[in-house]
file structure.txt (compact mmCIF, N, CA and C atoms)
# COMPACT_ATOMS: atom_id res chain seq x y z
N MET A 1 92.06 97.59 96.88
CA MET A 1 93.43 97.86 96.57
C MET A 1 94.29 96.63 96.84
N ALA A 2 95.40 96.57 96.14
CA ALA A 2 96.32 95.45 96.30
C ALA A 2 97.12 95.62 97.59
N ASN A 3 97.75 94.55 98.00
CA ASN A 3 98.55 94.60 99.23
C ASN A 3 99.96 95.10 98.99
N LYS A 4 100.47 94.93 97.77
CA LYS A 4 101.84 95.33 97.46
C LYS A 4 101.85 96.17 96.18
N LEU A 5 102.89 97.01 96.06
CA LEU A 5 103.10 97.81 94.86
C LEU A 5 104.51 97.57 94.35
N ASN A 6 104.66 97.38 93.05
CA ASN A 6 105.97 97.34 92.42
C ASN A 6 106.24 98.73 91.88
N ILE A 7 107.33 99.34 92.35
CA ILE A 7 107.68 100.70 91.95
C ILE A 7 109.00 100.64 91.20
N THR A 8 109.01 101.18 89.97
CA THR A 8 110.19 101.16 89.12
C THR A 8 110.61 102.59 88.80
N LEU A 9 111.90 102.87 88.95
CA LEU A 9 112.43 104.18 88.59
C LEU A 9 112.67 104.20 87.09
N VAL A 10 111.93 105.03 86.35
CA VAL A 10 112.02 105.05 84.89
C VAL A 10 112.65 106.32 84.35
N LYS A 11 112.86 107.31 85.21
CA LYS A 11 113.50 108.56 84.78
C LYS A 11 114.54 108.95 85.81
N SER A 12 115.66 109.45 85.33
CA SER A 12 116.77 109.80 86.20
C SER A 12 116.42 110.96 87.13
N THR A 13 117.05 110.97 88.30
CA THR A 13 116.83 112.06 89.25
C THR A 13 117.81 113.22 89.02
N ILE A 14 118.66 113.10 88.01
CA ILE A 14 119.55 114.22 87.68
C ILE A 14 118.69 115.39 87.22
N GLY A 15 118.86 116.51 87.83
CA GLY A 15 118.07 117.69 87.50
C GLY A 15 116.77 117.79 88.28
N ALA A 16 116.44 116.77 89.06
CA ALA A 16 115.23 116.81 89.87
C ALA A 16 115.48 117.65 91.12
N LYS A 17 114.41 118.10 91.75
CA LYS A 17 114.53 118.85 92.98
C LYS A 17 115.14 117.96 94.07
N PRO A 18 115.92 118.53 94.96
CA PRO A 18 116.53 117.73 96.03
C PRO A 18 115.51 116.97 96.87
N LYS A 19 114.36 117.55 97.09
CA LYS A 19 113.31 116.87 97.86
C LYS A 19 112.83 115.62 97.13
N HIS A 20 112.72 115.70 95.82
CA HIS A 20 112.29 114.55 95.03
C HIS A 20 113.36 113.47 95.01
N ARG A 21 114.63 113.88 94.95
CA ARG A 21 115.72 112.90 95.00
C ARG A 21 115.69 112.11 96.29
N LYS A 22 115.47 112.81 97.40
CA LYS A 22 115.42 112.14 98.70
C LYS A 22 114.20 111.23 98.80
N THR A 23 113.10 111.61 98.20
CA THR A 23 111.91 110.77 98.21
C THR A 23 112.15 109.48 97.44
N VAL A 24 112.78 109.58 96.26
CA VAL A 24 113.09 108.40 95.45
C VAL A 24 114.03 107.48 96.23
N GLU A 25 115.01 108.05 96.90
CA GLU A 25 115.95 107.26 97.68
C GLU A 25 115.25 106.59 98.87
N ALA A 26 114.32 107.30 99.48
CA ALA A 26 113.57 106.75 100.61
C ALA A 26 112.68 105.59 100.18
N LEU A 27 112.26 105.58 98.92
CA LEU A 27 111.49 104.46 98.39
C LEU A 27 112.37 103.24 98.14
N GLY A 28 113.68 103.42 98.23
CA GLY A 28 114.60 102.30 98.03
C GLY A 28 115.10 102.17 96.62
N LEU A 29 114.89 103.20 95.81
CA LEU A 29 115.31 103.16 94.41
C LEU A 29 116.65 103.85 94.27
N ARG A 30 117.66 103.13 93.81
CA ARG A 30 119.00 103.67 93.69
C ARG A 30 119.43 103.84 92.23
N LYS A 31 119.04 102.91 91.36
CA LYS A 31 119.46 102.94 89.97
C LYS A 31 118.25 102.95 89.04
N LEU A 32 118.48 103.41 87.84
CA LEU A 32 117.44 103.46 86.82
C LEU A 32 116.97 102.06 86.47
N ASN A 33 115.69 101.89 86.25
CA ASN A 33 115.04 100.64 85.85
C ASN A 33 115.09 99.56 86.93
N LYS A 34 115.37 99.92 88.17
CA LYS A 34 115.31 98.97 89.26
C LYS A 34 113.93 99.03 89.89
N THR A 35 113.47 97.89 90.39
CA THR A 35 112.14 97.78 90.95
C THR A 35 112.21 97.37 92.42
N VAL A 36 111.36 97.98 93.23
CA VAL A 36 111.22 97.59 94.62
C VAL A 36 109.76 97.25 94.89
N GLU A 37 109.53 96.38 95.85
CA GLU A 37 108.17 96.02 96.25
C GLU A 37 107.90 96.67 97.60
N MET A 38 106.86 97.48 97.65
CA MET A 38 106.52 98.21 98.87
C MET A 38 105.08 97.90 99.25
N PRO A 39 104.75 98.03 100.54
CA PRO A 39 103.35 97.83 100.96
C PRO A 39 102.48 98.96 100.42
N ASP A 40 101.23 98.65 100.18
CA ASP A 40 100.29 99.65 99.67
C ASP A 40 99.63 100.34 100.86
N ASN A 41 100.20 101.45 101.29
CA ASN A 41 99.61 102.22 102.38
C ASN A 41 99.67 103.71 102.04
N GLU A 42 99.09 104.52 102.91
CA GLU A 42 98.96 105.96 102.64
C GLU A 42 100.31 106.65 102.52
N SER A 43 101.27 106.28 103.35
CA SER A 43 102.57 106.96 103.31
C SER A 43 103.30 106.68 102.00
N VAL A 44 103.26 105.44 101.54
CA VAL A 44 103.93 105.08 100.28
C VAL A 44 103.20 105.74 99.11
N ARG A 45 101.87 105.75 99.15
CA ARG A 45 101.10 106.41 98.08
C ARG A 45 101.41 107.90 98.01
N GLY A 46 101.62 108.54 99.15
CA GLY A 46 101.97 109.95 99.17
C GLY A 46 103.34 110.21 98.56
N MET A 47 104.29 109.31 98.86
CA MET A 47 105.62 109.45 98.29
C MET A 47 105.58 109.26 96.78
N ILE A 48 104.78 108.30 96.32
CA ILE A 48 104.64 108.06 94.88
C ILE A 48 104.00 109.27 94.21
N GLN A 49 103.01 109.85 94.85
CA GLN A 49 102.33 111.02 94.28
C GLN A 49 103.30 112.17 94.07
N GLN A 50 104.27 112.30 94.97
CA GLN A 50 105.25 113.39 94.88
C GLN A 50 106.21 113.21 93.71
N VAL A 51 106.53 111.96 93.36
CA VAL A 51 107.52 111.71 92.29
C VAL A 51 106.91 110.88 91.16
N LYS A 52 105.63 111.06 90.91
CA LYS A 52 104.94 110.26 89.90
C LYS A 52 105.51 110.44 88.49
N HIS A 53 106.21 111.55 88.25
CA HIS A 53 106.81 111.80 86.94
C HIS A 53 108.12 111.03 86.76
N LEU A 54 108.63 110.41 87.81
CA LEU A 54 109.89 109.68 87.74
C LEU A 54 109.72 108.17 87.85
N VAL A 55 108.57 107.71 88.30
CA VAL A 55 108.39 106.28 88.58
C VAL A 55 107.20 105.70 87.84
N LYS A 56 107.21 104.36 87.75
CA LYS A 56 106.07 103.61 87.21
C LYS A 56 105.61 102.68 88.32
N VAL A 57 104.30 102.59 88.53
CA VAL A 57 103.75 101.82 89.65
C VAL A 57 102.82 100.74 89.10
N GLU A 58 102.98 99.53 89.62
CA GLU A 58 102.08 98.41 89.27
C GLU A 58 101.59 97.77 90.54
N GLU A 59 100.30 97.43 90.59
CA GLU A 59 99.77 96.71 91.74
C GLU A 59 100.03 95.22 91.58
N VAL A 60 100.43 94.58 92.67
CA VAL A 60 100.75 93.15 92.63
C VAL A 60 99.57 92.37 93.20
call {"tool": "encode", "arguments": {"input": "structure.txt", "output": "structure tokens"}}
result
Amino acid sequence: MANKLNITLVKSTIGAKPKHRKTVEALGLRKLNKTVEMPDNESVRGMIQQVKHLVKVEEV
């Protein structure tokens, strides 16, 4: 596995469950089409799994 992940918010959180909104915010994503670089670990992978329908993930 890679050491870093690029996570991009590709779908709006409007209409999403409140838990999913908080997860997206916890990942550091505030606006649509913005990308953050996060470490590749179990906690981040779990957060991505929860909101996989809203984000795009690339290994760096």
call {"tool": "closest_atom_pairs", "arguments": {"input": "structure.txt", "of": "stretch 3-42 of chain A", "to": "stretch 47-55 of chain A", "cutoff": "9 Å", "atoms": "only C-alpha atoms", "output": "CSV"}}
result
residue,atom,partner,partner_atom,distance
A:Ile7,CA,A:Val55,CA,6.6
A:Thr8,CA,A:Val55,CA,5.5
A:Leu9,CA,A:Val55,CA,4.6
A:Val10,CA,A:Val55,CA,5.3
A:Lys11,CA,A:Leu54,CA,4.8
A:Ser12,CA,A:Leu54,CA,7.1
A:Thr13,CA,A:Leu54,CA,7.5
A:His20,CA,A:Val51,CA,6.2
A:Arg21,CA,A:Val51,CA,8.7
A:Thr23,CA,A:Met47,CA,6.4
A:Val24,CA,A:Val51,CA,7.2
A:Ala26,CA,A:Met47,CA,8.7
A:Leu27,CA,A:Met47,CA,7.7
A:Glu42,CA,A:Met47,CA,8.7
call {"tool": "select_by_dssp", "arguments": {"input": "structure.txt", "residues": "chain A", "states": "helix (DSSP H, G or I)", "output": "list in words"}}
result
Pro18, Lys19, His20, Arg21, Lys22, Thr23, Val24, Glu25, Ala26, Glu42, Ser43, Val44, Arg45, Gly46, Met47, Ile48, Gln49 and Gln50 of chain A
call {"tool": "residues_near_point", "arguments": {"input": "structure.txt", "point": "(99.5, 95.6, 93.2)", "cutoff": "8 Å", "atoms": "all atoms listed in the file", "output": "list in words"}}
result
Met1, Ala2, Asn3, Lys4, Leu5, Asn6, Asp40, Val57, Glu58, Glu59 and Val60 of chain A
call {"tool": "atom_distance", "arguments": {"input": "structure.txt", "atom1": "atom N of A:Lys56", "atom2": "atom CA of A:Val36"}}
result
10.4 Å
call {"tool": "atom_distance", "arguments": {"input": "structure.txt", "atom1": "atom CA of A:Asn41", "atom2": "atom CA of A:Gly28"}}
result
15.6 Å
call {"tool": "atom_distance", "arguments": {"input": "structure.txt", "atom1": "atom N of A:Leu32", "atom2": "atom CA of A:Ile14"}}
result
10.9 Å
